[in-house]
Every structure is written in C-alpha cells, then in structure tokens.
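Shown here: structure_6.csv, CSV, C-alpha atoms and all ligand atoms.
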chain,number,residue,atom,x,y,z
A,1168,MET,CA,-21.5,3.0,15.8
A,1169,ILE,CA,-20.3,3.7,12.3
A,1170,ALA,CA,-19.5,0.4,10.5
A,1171,PRO,CA,-16.7,0.5,7.9
A,1172,PRO,CA,-17.9,0.0,4.3
A,1173,ASP,CA,-17.8,-3.6,3.0
A,1174,ALA,CA,-14.3,-4.6,1.9
A,1175,ALA,CA,-14.1,-4.5,-1.9
A,1176,SER,CA,-10.4,-5.1,-2.7
A,1177,VAL,CA,-8.0,-7.9,-2.4
A,1178,SER,CA,-5.9,-6.3,0.3
A,1179,ALA,CA,-8.8,-5.0,2.4
A,1180,ASP,CA,-9.3,-8.1,4.5
A,1181,SER,CA,-5.7,-8.2,5.8
A,1182,PHE,CA,-5.9,-4.4,6.6
A,1183,ASP,CA,-9.1,-5.1,8.6
A,1184,LEU,CA,-7.4,-7.9,10.4
A,1185,MET,CA,-4.4,-5.8,11.3
A,1186,PHE,CA,-6.7,-3.0,12.5
A,1187,LEU,CA,-8.7,-5.3,14.6
A,1188,VAL,CA,-5.6,-6.9,16.2
A,1189,MET,CA,-4.2,-3.5,17.0
A,1190,VAL,CA,-7.5,-2.2,18.5
A,1191,VAL,CA,-7.8,-5.3,20.7
A,1192,PHE,CA,-4.2,-5.2,21.8
A,1193,SER,CA,-4.4,-1.4,22.6
A,1194,GLY,CA,-7.7,-1.9,24.3
A,1195,PHE,CA,-6.2,-4.6,26.5
A,1196,ILE,CA,-3.3,-2.3,27.5
A,1197,VAL,CA,-5.6,0.6,28.2
A,1198,LEU,CA,-7.8,-1.6,30.4
A,1199,LEU,CA,-4.8,-3.1,32.2
A,1200,VAL,CA,-3.3,0.3,33.0
A,1201,ALA,CA,-6.6,1.9,34.0
A,1202,THR,CA,-7.4,-1.0,36.3
A,1203,LEU,CA,-4.0,-0.8,38.0
A,1204,VAL,CA,-4.3,2.9,38.5
A,1205,ILE,CA,-7.7,2.6,40.1
A,1206,VAL,CA,-6.8,-0.4,42.3
A,1207,PHE,CA,-3.6,1.2,43.5
A,1208,SER,CA,-5.1,4.5,44.2
A,1209,ILE,CA,-7.8,2.9,46.3
A,1210,ARG,CA,-5.5,0.5,48.1
A,1211,PHE,CA,-2.8,3.0,48.8
A,1212,ARG,CA,-4.9,6.1,49.4
A,1213,SER,CA,-4.0,8.5,52.1
A,1214,GLY,CA,-4.7,7.1,55.5
A,1215,SER,CA,-5.1,3.5,54.3
A,1216,ARG,CA,-3.3,0.9,56.4
A,1217,ALA,CA,-2.1,-1.1,53.5
A,1218,ASN,CA,1.4,-2.4,53.8
A,1219,ARG,CA,3.5,-0.1,51.6
A,1220,HIS,CA,6.5,-2.4,51.7
A,1221,GLU,CA,4.7,-5.0,49.6
A,1222,VAL,CA,5.0,-2.7,46.6
A,1223,ARG,CA,8.8,-3.1,46.7
A,1224,ARG,CA,8.4,-6.9,46.5
A,1225,LEU,CA,6.0,-6.5,43.6
A,1226,VAL,CA,8.4,-4.5,41.5
A,1227,SER,CA,11.3,-6.9,41.7
A,1228,ARG,CA,14.1,-6.9,39.1
A,1229,GLU,CA,12.5,-10.0,37.5
A,1230,VAL,CA,9.2,-8.3,37.1
A,1231,GLU,CA,10.9,-5.2,35.5
A,1232,ILE,CA,12.8,-7.4,33.1
A,1233,ALA,CA,9.7,-9.5,32.3
A,1234,TRP,CA,7.4,-6.6,31.5
A,1235,THR,CA,10.1,-4.6,29.5
A,1236,ALA,CA,10.8,-7.7,27.4
A,1237,ALA,CA,7.1,-8.4,26.9
A,1238,THR,CA,6.5,-4.8,25.7
A,1239,ALA,CA,9.5,-4.9,23.4
A,1240,PHE,CA,8.3,-8.2,22.0
A,1241,GLY,CA,4.9,-6.7,21.4
A,1242,ALA,CA,6.4,-3.8,19.5
A,1243,MET,CA,8.5,-6.1,17.4
A,1244,PHE,CA,5.5,-8.2,16.6
A,1245,PHE,CA,3.6,-5.2,15.3
A,1246,PHE,CA,6.6,-4.1,13.3
A,1247,TRP,CA,6.8,-7.5,11.7
A,1248,PHE,CA,3.1,-7.7,11.2
A,1249,ALA,CA,2.8,-4.3,9.5
A,1250,SER,CA,5.9,-4.4,7.5
A,1251,ALA,CA,5.3,-7.9,6.2
A,1252,HIS,CA,1.8,-6.8,5.1
A,1253,PHE,CA,3.2,-3.6,3.6
A,1254,LEU,CA,5.9,-5.4,1.6
A,1255,ARG,CA,3.4,-8.0,0.4
A,1256,HIS,CA,1.2,-5.2,-1.1
A,1257,ALA,CA,4.0,-2.8,-2.1
A,1258,ALA,CA,4.6,-4.0,-5.7
A,1259,ALA,CA,1.8,-4.0,-8.2
A,1260,PRO,CA,1.5,-7.1,-10.5
A,1261,VAL,CA,3.3,-6.5,-13.8
A,1262,ASP,CA,0.2,-6.8,-15.9
A,1263,ALA,CA,-1.7,-4.2,-14.0
A,1264,MET,CA,-3.9,-1.9,-16.0
A,1265,GLU,CA,-2.5,1.7,-15.8
A,1266,VAL,CA,-4.5,4.8,-15.3
A,1267,HIS,CA,-3.1,8.3,-14.9
A,1268,VAL,CA,-4.8,10.3,-12.2
A,1269,GLU,CA,-4.5,14.0,-11.8
A,1270,ALA,CA,-5.7,16.0,-8.8
A,1271,LYS,CA,-6.4,19.7,-8.8
A,1272,GLN,CA,-8.4,22.0,-6.6
A,1273,TRP,CA,-11.0,20.4,-6.5
A,1274,MET,CA,-11.5,17.5,-8.7
A,1275,TRP,CA,-10.1,14.2,-9.8
A,1276,LYS,CA,-9.2,13.5,-13.4
A,1277,ALA,CA,-8.4,10.1,-14.8
A,1278,THR,CA,-6.9,9.2,-18.2
A,1279,HIS,CA,-6.9,5.6,-19.4
A,1280,GLU,CA,-4.3,4.1,-21.6
A,1281,SER,CA,-6.8,4.2,-24.5
A,1282,GLY,CA,-6.9,8.0,-24.1
A,1283,ALA,CA,-10.4,7.8,-22.6
A,1284,ARG,CA,-10.9,10.5,-19.9
A,1285,GLU,CA,-13.2,10.9,-17.0
A,1286,LEU,CA,-13.8,13.5,-14.4
A,1287,GLY,CA,-14.9,12.7,-10.8
A,1288,SER,CA,-15.2,9.0,-11.5
A,1289,LEU,CA,-12.9,6.1,-12.3
A,1290,HIS,CA,-14.1,3.0,-14.0
A,1291,VAL,CA,-12.1,-0.2,-13.5
A,1292,PRO,CA,-12.6,-3.8,-14.3
A,1293,LEU,CA,-13.4,-6.4,-11.6
A,1294,GLY,CA,-10.7,-8.9,-10.5
A,1295,ARG,CA,-7.9,-7.2,-12.4
A,1296,ALA,CA,-5.1,-5.2,-10.9
A,1297,THR,CA,-5.2,-1.5,-11.7
A,1298,ILE,CA,-2.3,0.8,-10.9
A,1299,LEU,CA,-2.7,4.6,-10.6
A,1300,TYR,CA,0.1,7.0,-11.5
A,1301,MET,CA,-0.9,10.2,-9.7
A,1302,ASN,CA,0.1,13.8,-9.9
A,1303,SER,CA,-1.2,17.0,-8.5
A,1304,GLN,CA,-1.4,20.3,-10.3
A,1305,ASP,CA,-1.4,22.5,-7.2
A,1306,VAL,CA,-1.3,21.3,-3.6
A,1307,ILE,CA,-1.2,18.0,-1.8
A,1308,HIS,CA,-4.3,15.9,-2.1
A,1309,SER,CA,-4.9,12.4,-1.0
A,1310,PHE,CA,-6.7,9.7,-2.9
A,1311,PHE,CA,-8.8,7.7,-0.4
A,1312,VAL,CA,-11.1,4.8,-1.2
A,1313,PRO,CA,-12.4,3.5,2.1
A,1314,ALA,CA,-14.0,0.3,0.6
A,1315,PHE,CA,-10.5,-0.6,-0.7
A,1316,ARG,CA,-8.9,0.4,2.6
A,1317,LEU,CA,-6.4,2.4,0.5
A,1318,LYS,CA,-5.1,6.0,0.8
A,1319,GLN,CA,-2.3,7.7,-1.0
A,1320,ASP,CA,-1.1,11.3,-1.0
A,1321,VAL,CA,-1.0,13.0,-4.4
A,1322,VAL,CA,1.8,15.5,-4.4
A,1323,PRO,CA,2.8,18.3,-6.8
A,1324,GLY,CA,6.1,17.8,-8.4
A,1325,MET,CA,6.3,14.0,-8.0
A,1326,THR,CA,4.4,10.9,-9.1
A,1327,THR,CA,2.9,8.6,-6.5
A,1328,THR,CA,1.4,5.3,-7.2
A,1329,MET,CA,-1.3,3.1,-5.8
A,1330,TRP,CA,-2.7,-0.2,-6.9
A,1331,PHE,CA,-5.7,-2.4,-6.1
A,1332,THR,CA,-7.6,-5.4,-7.3
A,1333,PRO,CA,-11.3,-4.9,-6.9
A,1334,THR,CA,-13.3,-7.9,-5.6
A,1335,ARG,CA,-16.8,-6.6,-6.0
A,1336,THR,CA,-18.7,-4.7,-8.6
A,1337,GLY,CA,-20.5,-1.5,-7.7
A,1338,SER,CA,-19.8,2.1,-7.0
A,1339,PHE,CA,-17.5,3.1,-4.2
A,1340,HIS,CA,-16.7,6.5,-2.6
A,1341,LEU,CA,-13.6,8.3,-3.5
A,1342,PHE,CA,-12.5,11.1,-1.1
A,1343,CYS,CA,-9.8,13.6,-0.9
A,1344,ALA,CA,-8.3,12.9,2.5
A,1345,GLU,CA,-5.8,15.8,2.8
A,1346,TYR,CA,-7.1,19.3,3.5
A,1347,CYS,CA,-6.5,21.2,0.2
A,1348,GLY,CA,-8.4,24.5,0.5
A,1349,THR,CA,-11.9,25.7,0.7
A,1350,GLY,CA,-13.3,23.1,-1.7
A,1351,HIS,CA,-11.7,20.2,0.0
A,1352,SER,CA,-14.9,18.6,1.3
A,1353,THR,CA,-16.4,18.7,-2.2
A,1354,MET,CA,-13.5,16.9,-3.8
A,1355,LEU,CA,-15.3,13.7,-4.2
A,1356,GLY,CA,-15.6,11.0,-6.7
A,1357,GLU,CA,-16.6,7.4,-7.3
A,1358,ILE,CA,-14.8,4.3,-8.3
A,1359,VAL,CA,-17.1,2.2,-10.5
A,1360,VAL,CA,-16.1,-1.4,-10.6
A,1361,MET,CA,-17.6,-3.3,-13.6
A,1362,ASP,CA,-17.1,-6.9,-14.7
A,1363,GLU,CA,-14.6,-7.3,-17.5
A,1364,ALA,CA,-17.0,-7.4,-20.4
A,1365,ALA,CA,-19.0,-4.3,-19.2
A,1366,PHE,CA,-15.8,-2.5,-18.6
A,1367,ALA,CA,-14.6,-3.3,-22.1
A,1368,ALA,CA,-17.9,-2.0,-23.5
A,1369,TRP,CA,-17.7,1.1,-21.4
A,1370,LEU,CA,-14.1,1.9,-22.6
A,1371,GLU,CA,-15.1,1.2,-26.2
A,1372,ALA,CA,-18.0,3.7,-26.0
A,1373,ARG,CA,-15.9,6.5,-24.5
A,1374,PRO,CA,-15.3,9.3,-26.9
A,1375,GLY,CA,-11.5,8.7,-27.3
A,1376,SER,CA,-9.3,11.6,-27.9
A,1377,GLY,CA,-6.8,9.3,-29.6
A,1378,SER,CA,-4.7,7.0,-27.5
A,1379,LEU,CA,-2.1,8.3,-25.0
A,1380,VAL,CA,0.6,6.6,-27.0
A,1381,ASP,CA,-0.3,8.4,-30.2
A,1382,ALA,CA,-0.4,11.7,-28.5
A,1383,GLY,CA,3.0,11.0,-26.9
A,1384,ARG,CA,4.6,10.0,-30.2
A,1385,VAL,CA,3.5,13.3,-31.8
A,1386,LEU,CA,4.6,15.3,-28.8
A,1387,PHE,CA,8.0,13.6,-28.6
A,1388,THR,CA,8.9,15.5,-31.8
A,1389,GLU,CA,6.8,18.6,-31.3
A,1390,ALA,CA,8.1,19.4,-27.8
A,1391,GLY,CA,11.6,18.9,-29.1
A,1392,CYS,CA,12.5,15.7,-27.2
A,1393,ALA,CA,13.5,14.0,-30.4
A,1394,SER,CA,16.0,16.6,-31.4
A,1395,CYS,CA,18.3,15.7,-28.5
A,1396,HIS,CA,17.3,12.1,-27.6
A,1397,ASP,CA,17.4,10.8,-31.2
A,1398,PRO,CA,20.4,8.5,-31.4
A,1399,ALA,CA,21.6,10.4,-34.4
A,1400,SER,CA,21.5,13.8,-32.6
A,1401,ALA,CA,24.6,15.8,-32.1
A,1402,VAL,CA,23.5,16.6,-28.6
A,1403,HIS,CA,24.8,14.2,-26.0
A,1404,ALA,CA,21.6,12.9,-24.4
A,1405,PRO,CA,20.6,9.4,-23.3
A,1406,ASP,CA,19.2,7.1,-26.0
A,1407,LEU,CA,15.7,6.3,-24.8
A,1408,ARG,CA,15.0,3.2,-26.8
A,1409,GLY,CA,14.2,0.3,-24.5
A,1410,ILE,CA,14.5,2.6,-21.5
A,1411,TYR,CA,11.4,1.4,-19.7
A,1412,GLY,CA,12.0,-1.0,-16.9
A,1413,ARG,CA,15.8,-0.9,-17.2
A,1414,PRO,CA,18.1,-0.1,-14.3
A,1415,VAL,CA,19.6,3.4,-14.8
A,1416,PRO,CA,22.9,4.4,-13.2
A,1417,LEU,CA,22.8,8.0,-12.0
A,1418,ALA,CA,25.6,10.6,-11.7
A,1419,ASP,CA,25.5,10.4,-7.9
A,1420,GLY,CA,26.1,6.7,-7.9
A,1421,ARG,CA,22.6,5.5,-7.3
A,1422,ILE,CA,20.9,3.1,-9.6
A,1423,VAL,CA,17.2,3.5,-10.2
A,1424,THR,CA,14.6,1.6,-12.3
A,1425,ALA,CA,13.2,3.5,-15.2
A,1426,ASP,CA,9.5,3.0,-14.3
A,1427,ALA,CA,6.7,5.3,-15.2
A,1428,ALA,CA,7.2,7.5,-12.2
A,1429,TYR,CA,10.9,7.9,-12.9
A,1430,LEU,CA,10.2,8.8,-16.6
A,1431,GLN,CA,7.6,11.3,-15.5
A,1432,ASP,CA,9.9,12.9,-12.9
A,1433,SER,CA,12.8,13.1,-15.4
A,1434,ILE,CA,10.6,15.1,-17.7
A,1435,LEU,CA,9.4,17.5,-15.0
A,1436,GLN,CA,12.5,17.7,-12.9
A,1437,PRO,CA,15.4,16.6,-15.1
A,1438,ASP,CA,18.0,17.9,-12.7
A,1439,ARG,CA,17.0,15.6,-9.9
A,1440,ASP,CA,18.2,12.2,-11.2
A,1441,VAL,CA,20.8,12.9,-13.9
A,1442,VAL,CA,22.0,9.8,-15.7
A,1443,ALA,CA,25.7,8.9,-15.2
A,1444,GLY,CA,27.9,10.2,-18.0
A,1445,PHE,CA,25.6,13.0,-19.1
A,1446,ASP,CA,25.5,16.7,-18.3
A,1447,PRO,CA,22.4,18.2,-16.6
A,1448,ILE,CA,21.5,20.2,-19.8
A,1449,MET,CA,17.9,19.0,-20.2
A,1450,PRO,CA,15.3,21.9,-19.8
A,1451,ASN,CA,12.7,21.6,-17.2
A,1452,PHE,CA,9.3,20.8,-18.7
A,1453,SER,CA,7.2,21.4,-15.7
A,1454,GLY,CA,4.7,24.2,-16.5
A,1455,LEU,CA,5.3,23.7,-20.2
A,1456,LEU,CA,3.6,20.4,-20.6
A,1457,ASP,CA,0.3,19.6,-18.8
A,1458,GLU,CA,-0.2,16.3,-17.0
A,1459,ASP,CA,-2.0,14.7,-19.9
A,1460,GLU,CA,0.9,15.5,-22.2
A,1461,VAL,CA,3.4,14.1,-19.8
A,1462,ALA,CA,1.3,10.9,-19.4
A,1463,GLY,CA,1.3,10.6,-23.2
A,1464,LEU,CA,5.1,11.0,-23.4
A,1465,VAL,CA,5.6,8.4,-20.8
A,1466,ALA,CA,3.2,6.0,-22.5
A,1467,TRP,CA,5.1,6.5,-25.8
A,1468,LEU,CA,8.5,6.0,-24.1
A,1469,ARG,CA,7.3,2.7,-22.7
A,1470,THR,CA,6.6,1.4,-26.2
A,1471,LEU,CA,10.1,2.2,-27.5
A,1472,GLU,CA,11.9,-1.0,-28.3
A,1473,ARG,CA,15.5,-1.4,-27.6
A,1474,ASP,CA,17.5,-1.4,-30.8
A,1475,ASP,CA,20.2,-3.9,-30.5
A,1476,GLY,CA,21.0,-3.7,-34.2
A,1501,LIG,CU1,-8.0,17.7,-2.5
A,1501,LIG,CU2,-8.5,17.8,-0.1
Can the structure in the file be given as structure tokens, please?
Ligand code: CUA
Amino acid sequence: MIAPPDAASVSADSFDLMFLVMVVFSGFIVLLVATLVIVFSIRFRSGSRANRHEVRRLVSREVEIAWTAATAFGAMFFFWFASAHFLRHAAAPVDAMEVHVEAKQWMWKATHESGARELGSLHVPLGRATILYMNSQDVIHSFFVPAFRLKQDVVPGMTTTMWFTPTRTGSFHLFCAEYCGTGHSTMLGEIVVMDEAAFAAWLEARPGSGSLVDAGRVLFTEAGCASCHDPASAVHAPDLRGIYGRPVPLADGRIVTADAAYLQDSILQPDRDVVAGFDPIMPNFSGLLDEDEVAGLVAWLRTLERDDG
C-alpha cells in the first residue's frame, strides 16, 4: 500500500482527518450494501422456501423514513464538515508572504517580492504563511503539493491563489496535476522549506533583478498607465492611489475587493470588471505585458498610498 507523504503544512492534518472519516463512512456503506445483497440473494434464491411476505414487513413505512432520514443526515454532516473546513482555510492571513507563480508548458516559475526568481523550485520560510498568486501562459495546469495536501488549478487569463503555512523543513514534491500536453509528466518541481534565518540568507544571496516594486514603478510610466491613471490626466480613468484592499463598485452593480487578483485581472482583461462611472476604454494588456511585468505593476499598485490631501 502506498502511504501518503508526511503532512507538512498547517491544514494537512484536518484534510487527512476528513479523508479518513469519508473512507471509513463509505467503506461502511459499501460493506452494508454488499452484505445485504449477498444475504438476500442466498435467502430468496429461486426455489428457496423462505417466506417472501416477511420482506413486506421489513420495509415498513417507518423503516423507509428512518433510512432516508439517516442518509440525508449523513449527507448534511459531510456538507457541514467539508464546508466548515473549506471556509476555515479559505482566506490567507493578511501578513502572508506573497509569491507570484507562473506556469507554462512545462515548467514552474516563481518570483518573490524582492524580485528573486527561481525555476522549478520554490523556497519558502518555515512557520510563516505564504500565498501564491498563480497564472498560466498557455493551458490549464495544476499546482499540487501532496505533502501540504493542497492542489489548485492554474488557468490562463485569470489569477488563482493558494496559501499554506509549512510545518516542517525539507524538500517536498511539486507536481502538475492537470494534463497539459506531452511534457505534463515532466512538469515537476520542489518546494524547499527553510527555517526563517536560512530563508532570509537564501533570499539575500539571490541575484536580484531589482525588486518587483521598482520594476512596476518604471513600467507604470513606460507602458502608458500613468498617462490615463494620473489624477491630473485629462482622460477619465480611476485614480489608483490607495486602491489596494478597497471595495470597488462595478458598473454592473457588484462590489469587489481590489486584491492582487483583481488588479491583475483588470490589467489583462479590463472589460471584465469595469468600475462604476467609467467607460470601458482601457486597452487590453494581455499579450503586451509578460507575467513578470504584470506582477511588478500589481506590486507597485499595492504600495500607492491614498492621497487624502
Ligand atoms: Cu502542467 Cu500538467
């Protein structure tokens, strides 16, 4: 029997518990049904002299109600069990370290906030929450770390997130868990969990290409964002100062929070979530900016302070 890898993230134990409970429960149902099938088919086989009227007594109305209610209760229990677990782990801690992950056929790229990059590996500190903002350049991939019990699709044209807090140092497998072409099985990587000091030293030693924020600041002007989004601009475009984390009312009546995923989507698909009171005049930057550049812009936008005068 293949044992699962040792649990190495904060949420892993509760996933394991949920899995175990479901396996035991399903196993019980399977055994119960199989046993009844076998017992009944022997007892009421052709030519047997068993009293067939006793079956009618067995399936009285009370029995029907009881087992229907029990099954419904079981289903409700699993719904509660899974959704409570899901909600508990849905939101990342606010102080989570952010890493941008880019998937392409057939490799994983990671960019840290400092601008440090790595290919096929991801170094993270022990005991600290890390949140991944993930994009794909081509097809759907899936970021799967068995030891963390976490898996998240990485989809072209949108940003998905995943977060974890590692509980053990070491190196853990990273797989692509969505068939993505001939090289799918080679789309591997490793998550290297280091203690805080070792991670700081590792990050320090990376040949930085300048921080993401600096790259974003330069690009904000070079790519032409500033010419419309500058508060002094003649073009009617939203003022982006202090945008990060704020609720944004949209033209279709929805209100969204301007998190990193929203900012990224707004650059790549500006027509999708148009801000209330503005015309959909922003050009679409997908294909014009690569993922690193978009990550830089988002990092820069997050630093913009609100100007209350
Ligand atoms: Cu990427 Cu499978």
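With distances restricted to all atoms listed in the file, A:His1351 is the closest residue to ligand LIG 1501 (chain A) from A:His1256, A:His1351, A:Arg1223, A:His1290.
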(message) Using all atoms listed in the file, can you tell me which of A:Leu1317, A:Leu1289, A:Val1442, A:Ala1270 comes closest to ligand LIG 1501 (chain A)?
(response)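 Answer, going by the shortest atom-to-atom distance: A:Ala1270.
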Could the residues of chain A that have an atom at most 8 Å from ligand LIG 1501 (chain A) be listed as CSV, each with its closest atom pair and the distance in Å to one decimal, counting only C-alpha atoms and all ligand atoms and ordered by chain and ascending residue number?
residue,atom,partner,partner_atom,distance
A:Ala1270,CA,A:LIG1501,CU1,6.9
A:Lys1271,CA,A:LIG1501,CU1,6.8
A:Gln1272,CA,A:LIG1501,CU1,6.0
A:Trp1273,CA,A:LIG1501,CU1,5.7
A:Met1274,CA,A:LIG1501,CU1,7.1
A:Val1306,CA,A:LIG1501,CU1,7.7
A:Ile1307,CA,A:LIG1501,CU1,6.8
A:His1308,CA,A:LIG1501,CU1,4.1
A:Ser1309,CA,A:LIG1501,CU1,6.3
A:Phe1342,CA,A:LIG1501,CU2,7.9
A:Cys1343,CA,A:LIG1501,CU2,4.5
A:Ala1344,CA,A:LIG1501,CU2,5.6
A:Glu1345,CA,A:LIG1501,CU2,4.4
A:Tyr1346,CA,A:LIG1501,CU2,4.1
A:Cys1347,CA,A:LIG1501,CU2,4.0
A:Gly1348,CA,A:LIG1501,CU2,6.7
A:Gly1350,CA,A:LIG1501,CU2,7.3
A:His1351,CA,A:LIG1501,CU2,4.0
A:Ser1352,CA,A:LIG1501,CU2,6.6
A:Met1354,CA,A:LIG1501,CU1,5.7
(message) Between A:Leu1455, A:Val1226, A:Val1291, A:Leu1184, which residue has the minimum interatomic distance to Arg1316 in chain A, considering all atoms listed in the file?
(response) A:Leu1184
(message) Taking all atoms listed in the file into account, name the residue in A:Ile1434, A:Val1191, A:Met1301, A:Val1222 that is nearest to Val1321 in chain A.
(response) A:Met1301
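For the set A:Thr1336, A:Asn1302, A:Ser1181, A:Asn1451, the residue with the smallest atom-to-atom gap to Ala1365 in chain A is A:Thr1336, counting all atoms listed in the file.
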(request) Tell me which of A:Ala1368, A:Gln1304, A:Leu1468, A:Thr1388 sits closest to Asp1406 in chain A, counting only C-alpha atoms. (result)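 With only C-alpha atoms as the atom set, the closest residue is A:Leu1468.
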(request) Just give me the gap between CA of Asp1183 in chain A and CA of Ala1251 in chain A in Å, one decimal is fine. (result) 14.9 Å
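One finds CA of Phe1248 in chain A at 20.8 Å from CA of Trp1234 in chain A.
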(request) Provide the CA of Thr1332 in chain A to CA of Phe1244 in chain A distance in Å, to one decimal place. (result)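 Taking CA of Thr1332 in chain A as the start and CA of Phe1244 in chain A as the end point, the length is 27.4 Å.
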(message) Which residues are close to Ala1462 in chain A, i.e. within 9 Å by only C-alpha atoms, leaving aside same-chain residues fewer than 4 positions away? Reply as a list in words.
(response) His1267, Thr1278, Tyr1300, Leu1379, Val1380, Gly1383, Ala1427, Gln1431, Asp1457, Glu1458, Ala1466 and Trp1467 of chain A
Write the selection just made, keeping C-alpha atoms, as an mmCIF file, in the coordinates of the input?
data_model
loop_
_atom_site.group_PDB
_atom_site.id
_atom_site.type_symbol
_atom_site.label_atom_id
_atom_site.label_comp_id
_atom_site.auth_asym_id
_atom_site.auth_seq_id
_atom_site.Cartn_x
_atom_site.Cartn_y
_atom_site.Cartn_z
ATOM 1 C CA HIS A 1267 -3.100 8.300 -14.900
ATOM 2 C CA THR A 1278 -6.900 9.200 -18.200
ATOM 3 C CA TYR A 1300 0.100 7.000 -11.500
ATOM 4 C CA LEU A 1379 -2.100 8.300 -25.000
ATOM 5 C CA VAL A 1380 0.600 6.600 -27.000
ATOM 6 C CA GLY A 1383 3.000 11.000 -26.900
ATOM 7 C CA ALA A 1427 6.700 5.300 -15.200
ATOM 8 C CA GLN A 1431 7.600 11.300 -15.500
ATOM 9 C CA ASP A 1457 0.300 19.600 -18.800
ATOM 10 C CA GLU A 1458 -0.200 16.300 -17.000
ATOM 11 C CA ALA A 1466 3.200 6.000 -22.500
ATOM 12 C CA TRP A 1467 5.100 6.500 -25.800
#
